[in-house]
Amino acid sequence: MAGTRARSRAKGAPHPAGPAASPEQCREYLRQMRLIRYFEEKAGEAYSLGKVGGFCHLYIGQEAVAVGSMAALRADDYITTSYRDHGHALARGLSARSVMAELYGKAAGCSRGKGGSMHLFDASLGFLGGHGIVGGHIPLTAGMAFAAKYRKTDQVAVCYFGEAAVNIGSFHETLNMAALWKLPAIFVVENNGYGMGTALARASSLLDLAHRAYSYEMAEEVVDGQDVFAVRSAMDRAVERARVESLPTLLEMRTYRYVGHSMSDAAHGTYRTKDEVEEFRQRDPIKLLEAHMLEAGMMDEAGLKAVDEMITAEVEDAIVFAEESPDPAPGELWTDVLAGGQ
Amino acid sequence: MALLTYRDALNAALREEMGLDDRVFLMGEEVAEYDGAYKVSRGLLKEFGPHRVVDTPIAELGFAGIGVGAAMVGLRPVIEFMTWNFALLAIDQVVNSAAKMRYMSGGQVGCPIVFRGPGGAALQLAAQHSQSFESWYAHIPGLKVLTPGTPADAKGLLKSAIRDDDPVVFIEGEMLYNVKGEVPEGEHLVPIGKADIKRAGGDVTLVCHSKTVTVALKAADQLAAEGIDAEVVDLRTIRPMDTETVLNSVGKTHRCVVVEEGWAFAGVGAQVVDEIQRHAFDELDAPVLRVTGADVPMPYNKQLERAAKADPAKVVAAAKRVLYLA
Ligand SMILES: Cc1ncc(C[n+]2csc(CCOP(=O)(O)OP(=O)(O)O)c2C)c(N)n1
Ligand SMILES: [Mg+2]
């Protein structure tokens with residue numbers, strides 16, 4: 001049936017060309033995106049030095065998705081992500097200190113050293129986890145949306161996941177129930193082209209992933225995930241649909257990861273070429289935003305430098321903080337298993 | 001006290017807890033308009049409405065995860081699995097989400113949820129519908145696993161489970177739903193983590209849970225007729241296990257048989273035996289024996305099925321062996 005499909009198309013159709021964001025808003029986007037980029041570069045370095053352990057998945061190249069979409073949310077909304085979660089945490093407002101300390105496994109980390117890179121949490125910000133099982137957090141987010149509707153608040157629950165997760169059962173089960181029950185949930189697919197080394201075309205029979213929403217009569221949109229303004233405006237529409245109409249949306253953000261799947265994977269060589277990576281780097285989300293701001297006269301080179309200095313200091317401080325923070329006390333091994341402390 | 005079936009005792013627990021706390025809701029397949037596949041939720045839709053008694057599509061993984069997410073932000077979901085055989089589709093959410101959330105968030109995000117439904121074999125339902133999974137879940141730190149064997153325990157444990165702040169796996173006995181027993185009315189709470197001596201005796205300890213409580217009690221009657229005085233210890237909670245009650249009993253009887261419906265390998269009884277040999281080695285006058293389901297998928301044929309199940313005769317035989325009477 002064409003009802004929802006036609007409606008969502010019509011709603012999303014004539015996007016006003018050009019961003020309407022204020023200079024302050026643009027500056028904030030830029031600050032966050034540069035912060036994430038530099039944080040990730042430094043996290044990668046720390047990993048190579050053996051300071052960060054386990055799996056470590058960097059967000060470099062995808063910054064506009066988290067930054068543009070989080071800007072559309074309210075402080076009491078709920079957010080979950082996959083394990084590639086550093087950028088989302090920073091965009092939501094977790095401090096660089098608490099995220100870096102978590103990567104270092106320190107007691108001052110946002111998950112007190114018990115979660116690590118893949119499991120960043122800050123309940124006070126509604127940031128309810130980085131999750132490590134592909135697709136596992138998709139129903140959790142629908143559950144949070146269910147709770148919002150159950151309690152008759154107008155909170156929205158947002159779920160970020162990679163494009164490889166659209167092939168797993170939990171995605172389909174959840175989208176069906178979210179649409180069936182009209183839950184205020186937003187499902188953000190970050191289509192970076194690959195699930196580890198598997199290109200989308202080798203894993204999905206359907207390449208326009210947003211179209212998967214058609215099966216569930218759910219609104220959808222395909223978004224240029226490198227354009228922070230496009231991300232923001234699509235997210236604004238989805239948030240409005242969720243908050244006002246209590247309806248879910250599937251957003252496909254077309255993006256790209258510049259680096260390997262995790263720190264143990266080379267940026268290119270086996271499943272993709274250097275040329276391909278270089279080509280995508282031409283549409284870098286940060287460069288696009290900077291170019292816009294320079295052109296619109298919102299920013300000059302000195303301004304860019306000032307932003308740079310600010311985020312550099314913040315990340316350097318986070319590293320010193322993480323280095324100097326104590327490990328969790330040995331007794332922490334046994335706490336937080338159950339509610340009673342044990 | 002009222003004489004209730006195990007089914008109606010569970011129903012009373014749900015009704016009372018939903019009446020007391022509007023964060024509690026019931027979700028699952030056929031729980032609402034159909035009144036429950038096993039009628040445990042009979043009348044709840046009428047009383048509480050579709051907002052709180054929610055029929056789902058056949059999507060165990062999805063609705064289990066929706067329950068976990070709702071629990072993470074403060075609701076108290078009761079997720080019904082039509083049977084635990086189908087919950088295998090959802091085990092990722094029970095193990096990887098519900099059980100881990102508090103720990104991996106450094107204590108920030110709890111998960112007060114109850115997953116419940118019938119487990120164990122019924123009659124001639126064959127291989128895919130006759131299984132006991134309590135040992136699987138009991139393996140997982142972060143979960144509590146409850147297996148009531150009587151109507152009173154069914155009510156009291158379900159009420160405690162719903163009020164508990166941790167994820168609870170609540171496995172009902174599929175063969176117990178029609179069993180009747182005295183059930184205290186109103187505020188009847190059975191503490192989680194406490195075993196119960198269902199029959200006192202001094203000659204041999206029979207450890208059991210869920211449906212095997214009935215089996216062990218029947219075996220104890222038969223043993224009594226032969227002058228053997230068995231003590232029946234119902235674990236009630238598998239995790240956290242009340243080892244103290246088991247050890248006290250073994251300290252008295254010096255002989256023990258552990259009975260369970262499930263398979264022997266890495267089963268609940270294996271854990272019980274491990275506790276006994278570590279903490280009460282010197283108390284034992286005989287090796288601890290186990291009576292379990294046969295180590296095969298459940299057959300359909302009635303005679304074969306009977307042979308596969310733990311029954312009173314097998315328990316009597318094992319008790320006599322630990323008493324060196326056979
Ligand atoms: C259920 C499950 N299977 C396999 C894995 C191992 N794994 C981790 S990430 C990943 C690829 C996921 O790709 P995608 O969803 O596109 O996210 P991206 O890494 O690109 O952000 C795989 C196979 C897993 N974590 N969970
Ligand atoms: Mg991907």
# chains A, B, ... in the order shown; residues from 1 in each chain; ligands from 1
$ interface_residues --of "chain B" --to "chain A" --cutoff "6 Å" --atoms "only C-alpha atoms" --output "list in words"
Ala59, Gly62, Gly65, Ile66, Gly67, Val68, Gly69, Ala70, Arg102, Tyr103, Met104, Ser105, Gly106, Gly107, Gly142 and Asp165 of chain B
$ select_by_dssp --residues "stretch 7-132 of chain A" --states "alpha helix (DSSP H)" --output "NGL selection string"
:A and (7-12 or 23-48 or 63-70 or 86-92 or 96-103)
$ atom_distance --atom1 "atom CA of A:Gly68" --atom2 "atom 21 (O, counted along the ligand's line) of ligand 1"
17.2 Å
$ residues_around --residues "A:Glu276" --least-positions-apart "4" --cutoff "12 Å" --atoms "only C-alpha atoms" --output "PyMOL selection string"
chain A and resi 193+256-258+267-269+271-272+280-283
$ residues_near_ligand --ligand "ligand 2" --cutoff "7 Å" --atoms "only C-alpha atoms and all ligand atoms" --output "VMD selection string"
chain A and resid 162 to 164 190 to 196
$ write_last_selection --atoms "C-alpha atoms" --output "short mmCIF file (atom, residue, chain, number, x, y, z; two decimals), in the first residue's frame"
data_model
loop_
_atom_site.label_atom_id
_atom_site.label_comp_id
_atom_site.auth_asym_id
_atom_site.auth_seq_id
_atom_site.Cartn_x
_atom_site.Cartn_y
_atom_site.Cartn_z
CA GLY A 162 25.54 -0.12 10.60
CA GLU A 163 24.10 -1.16 7.26
CA ALA A 164 25.08 -4.77 7.85
CA GLU A 190 24.76 4.38 8.96
CA ASN A 191 25.47 2.95 5.55
CA ASN A 192 29.25 3.15 5.34
CA GLY A 193 29.35 0.61 2.57
CA TYR A 194 30.89 -2.27 4.49
CA GLY A 195 30.24 -4.67 7.31
CA MET A 196 33.82 -5.55 8.18
#
$ residues_around --residues "B:Gly149" --least-positions-apart "5" --cutoff "10 Å" --atoms "only C-alpha atoms" --output "PDB file with N, CA, C and O atoms, in the first residue's frame"
ATOM      1  N   TYR B   6      -1.996 -24.244  39.942  1.00  0.00           N
ATOM      2  CA  TYR B   6      -0.718 -23.565  39.684  1.00  0.00           C
ATOM      3  C   TYR B   6      -0.945 -22.431  38.679  1.00  0.00           C
ATOM      4  O   TYR B   6      -0.463 -21.316  38.857  1.00  0.00           O
ATOM      5  N   ALA B 154       4.549 -20.879  43.161  1.00  0.00           N
ATOM      6  CA  ALA B 154       4.363 -20.204  41.873  1.00  0.00           C
ATOM      7  C   ALA B 154       3.901 -18.772  42.109  1.00  0.00           C
ATOM      8  O   ALA B 154       4.440 -17.821  41.543  1.00  0.00           O
ATOM      9  N   ILE B 171      10.761 -20.161  35.082  1.00  0.00           N
ATOM     10  CA  ILE B 171      10.385 -21.330  34.283  1.00  0.00           C
ATOM     11  C   ILE B 171       9.290 -22.113  34.997  1.00  0.00           C
ATOM     12  O   ILE B 171       9.508 -22.665  36.080  1.00  0.00           O
ATOM     13  N   GLU B 172       8.111 -22.090  34.398  1.00  0.00           N
ATOM     14  CA  GLU B 172       6.966 -22.785  34.984  1.00  0.00           C
ATOM     15  C   GLU B 172       6.959 -24.235  34.504  1.00  0.00           C
ATOM     16  O   GLU B 172       7.492 -24.539  33.442  1.00  0.00           O
ATOM     17  N   GLY B 173       6.354 -25.112  35.286  1.00  0.00           N
ATOM     18  CA  GLY B 173       6.269 -26.513  34.869  1.00  0.00           C
ATOM     19  C   GLY B 173       5.056 -26.699  33.974  1.00  0.00           C
ATOM     20  O   GLY B 173       3.916 -26.496  34.399  1.00  0.00           O
ATOM     21  N   LEU B 176       2.510 -28.761  35.372  1.00  0.00           N
ATOM     22  CA  LEU B 176       2.013 -28.392  36.708  1.00  0.00           C
ATOM     23  C   LEU B 176       0.786 -27.488  36.669  1.00  0.00           C
ATOM     24  O   LEU B 176       0.151 -27.254  37.698  1.00  0.00           O
ATOM     25  N   VAL B 179      -2.174 -28.599  38.520  1.00  0.00           N
ATOM     26  CA  VAL B 179      -1.978 -29.104  39.883  1.00  0.00           C
ATOM     27  C   VAL B 179      -2.577 -28.120  40.884  1.00  0.00           C
ATOM     28  O   VAL B 179      -2.397 -26.908  40.771  1.00  0.00           O
ATOM     29  N   CYS B 208      15.379 -31.528  44.452  1.00  0.00           N
ATOM     30  CA  CYS B 208      14.539 -31.478  43.257  1.00  0.00           C
ATOM     31  C   CYS B 208      14.132 -30.037  42.984  1.00  0.00           C
ATOM     32  O   CYS B 208      14.427 -29.142  43.764  1.00  0.00           O
ATOM     33  N   HIS B 209      13.483 -29.823  41.863  1.00  0.00           N
ATOM     34  CA  HIS B 209      12.887 -28.507  41.573  1.00  0.00           C
ATOM     35  C   HIS B 209      11.825 -28.683  40.511  1.00  0.00           C
ATOM     36  O   HIS B 209      11.812 -29.682  39.787  1.00  0.00           O
ATOM     37  N   SER B 210      10.942 -27.696  40.400  1.00  0.00           N
ATOM     38  CA  SER B 210       9.867 -27.700  39.397  1.00  0.00           C
ATOM     39  C   SER B 210       9.074 -29.011  39.435  1.00  0.00           C
ATOM     40  O   SER B 210       8.718 -29.490  40.514  1.00  0.00           O
ATOM     41  N   LYS B 211       8.850 -29.623  38.283  1.00  0.00           N
ATOM     42  CA  LYS B 211       7.993 -30.800  38.243  1.00  0.00           C
ATOM     43  C   LYS B 211       8.558 -31.949  39.073  1.00  0.00           C
ATOM     44  O   LYS B 211       7.802 -32.799  39.572  1.00  0.00           O
ATOM     45  N   THR B 212       9.886 -32.018  39.243  1.00  0.00           N
ATOM     46  CA  THR B 212      10.436 -33.161  39.976  1.00  0.00           C
ATOM     47  C   THR B 212      10.172 -33.062  41.483  1.00  0.00           C
ATOM     48  O   THR B 212      10.453 -34.011  42.211  1.00  0.00           O
ATOM     49  N   VAL B 213       9.609 -31.959  41.937  1.00  0.00           N
ATOM     50  CA  VAL B 213       9.164 -31.906  43.332  1.00  0.00           C
ATOM     51  C   VAL B 213       8.082 -32.976  43.536  1.00  0.00           C
ATOM     52  O   VAL B 213       8.113 -33.749  44.500  1.00  0.00           O
ATOM     53  N   THR B 214       7.143 -33.008  42.608  1.00  0.00           N
ATOM     54  CA  THR B 214       6.085 -34.023  42.668  1.00  0.00           C
ATOM     55  C   THR B 214       6.676 -35.424  42.587  1.00  0.00           C
ATOM     56  O   THR B 214       6.269 -36.330  43.323  1.00  0.00           O
ATOM     57  N   ASP B 234      13.319 -28.865  47.961  1.00  0.00           N
ATOM     58  CA  ASP B 234      12.939 -28.206  46.704  1.00  0.00           C
ATOM     59  C   ASP B 234      13.804 -26.951  46.559  1.00  0.00           C
ATOM     60  O   ASP B 234      13.700 -26.020  47.360  1.00  0.00           O
ATOM     61  N   LEU B 235      14.628 -26.929  45.540  1.00  0.00           N
ATOM     62  CA  LEU B 235      15.529 -25.776  45.368  1.00  0.00           C
ATOM     63  C   LEU B 235      14.750 -24.478  45.153  1.00  0.00           C
ATOM     64  O   LEU B 235      15.184 -23.407  45.542  1.00  0.00           O
ATOM     65  N   ARG B 236      13.655 -24.545  44.452  1.00  0.00           N
ATOM     66  CA  ARG B 236      12.805 -23.402  44.083  1.00  0.00           C
ATOM     67  C   ARG B 236      13.543 -22.367  43.243  1.00  0.00           C
ATOM     68  O   ARG B 236      13.086 -21.985  42.179  1.00  0.00           O
TER      69      ARG B 236
END
$ closest_residue --among "A:Gly303, A:Gly53, A:Pro184, A:Pro285" --to "A:Thr249" --atoms "only C-alpha atoms"
A:Pro184
$ select_by_dssp --residues "stretch 68-204 of chain B" --states "strand (DSSP E or B)" --output "VMD selection string"
chain B and resid 76 to 80 114 to 120 131 144 to 146 168 to 173 180 to 183 196 to 199 204
$ residues_around --residues "B:Lys194" --least-positions-apart "6" --cutoff "12 Å" --atoms "only C-alpha atoms" --output "PyMOL selection string"
chain B and resi 145-148+153+156-157+160+209+233-246
$ closest_atom_pairs --of "chain B" --to "ligand 1" --cutoff "12 Å" --atoms "only C-alpha atoms and all ligand atoms" --output "CSV"
residue,atom,partner,partner_atom_place_in_ligand_line,distance
B:Asp92,CA,ligand 1,1 (C),8.9
B:Gln93,CA,ligand 1,1 (C),11.3
B:Asn96,CA,ligand 1,1 (C),10.4
$ residues_around --residues "A:Leu251" --least-positions-apart "2" --cutoff "6 Å" --atoms "only C-alpha atoms" --output "list in words"
Val188, Glu220 and Glu221 of chain A
$ write_last_selection --atoms "N, CA, C and O atoms" --output "PDB file, in the first residue's frame"
ATOM      1  N   VAL A 188      18.372   4.778  12.650  1.00  0.00           N
ATOM      2  CA  VAL A 188      19.349   5.439  11.790  1.00  0.00           C
ATOM      3  C   VAL A 188      20.370   4.416  11.296  1.00  0.00           C
ATOM      4  O   VAL A 188      21.200   3.935  12.061  1.00  0.00           O
ATOM      5  N   GLU A 220      10.399   6.645   5.558  1.00  0.00           N
ATOM      6  CA  GLU A 220      11.839   6.458   5.368  1.00  0.00           C
ATOM      7  C   GLU A 220      12.413   7.646   4.624  1.00  0.00           C
ATOM      8  O   GLU A 220      11.676   8.439   4.039  1.00  0.00           O
ATOM      9  N   GLU A 221      13.717   7.752   4.657  1.00  0.00           N
ATOM     10  CA  GLU A 221      14.389   8.789   3.900  1.00  0.00           C
ATOM     11  C   GLU A 221      15.821   8.356   3.651  1.00  0.00           C
ATOM     12  O   GLU A 221      16.439   7.742   4.525  1.00  0.00           O
TER      13      GLU A 221
END
$ residues_around --residues "B:Ser41" --least-positions-apart "5" --cutoff "6 Å" --atoms "only C-alpha atoms" --output "ChimeraX atom specification"
/B:11,31,35-36
$ atom_distance --atom1 "atom CA of A:Ala213" --atom2 "atom CA of A:Glu252"
10.1 Å
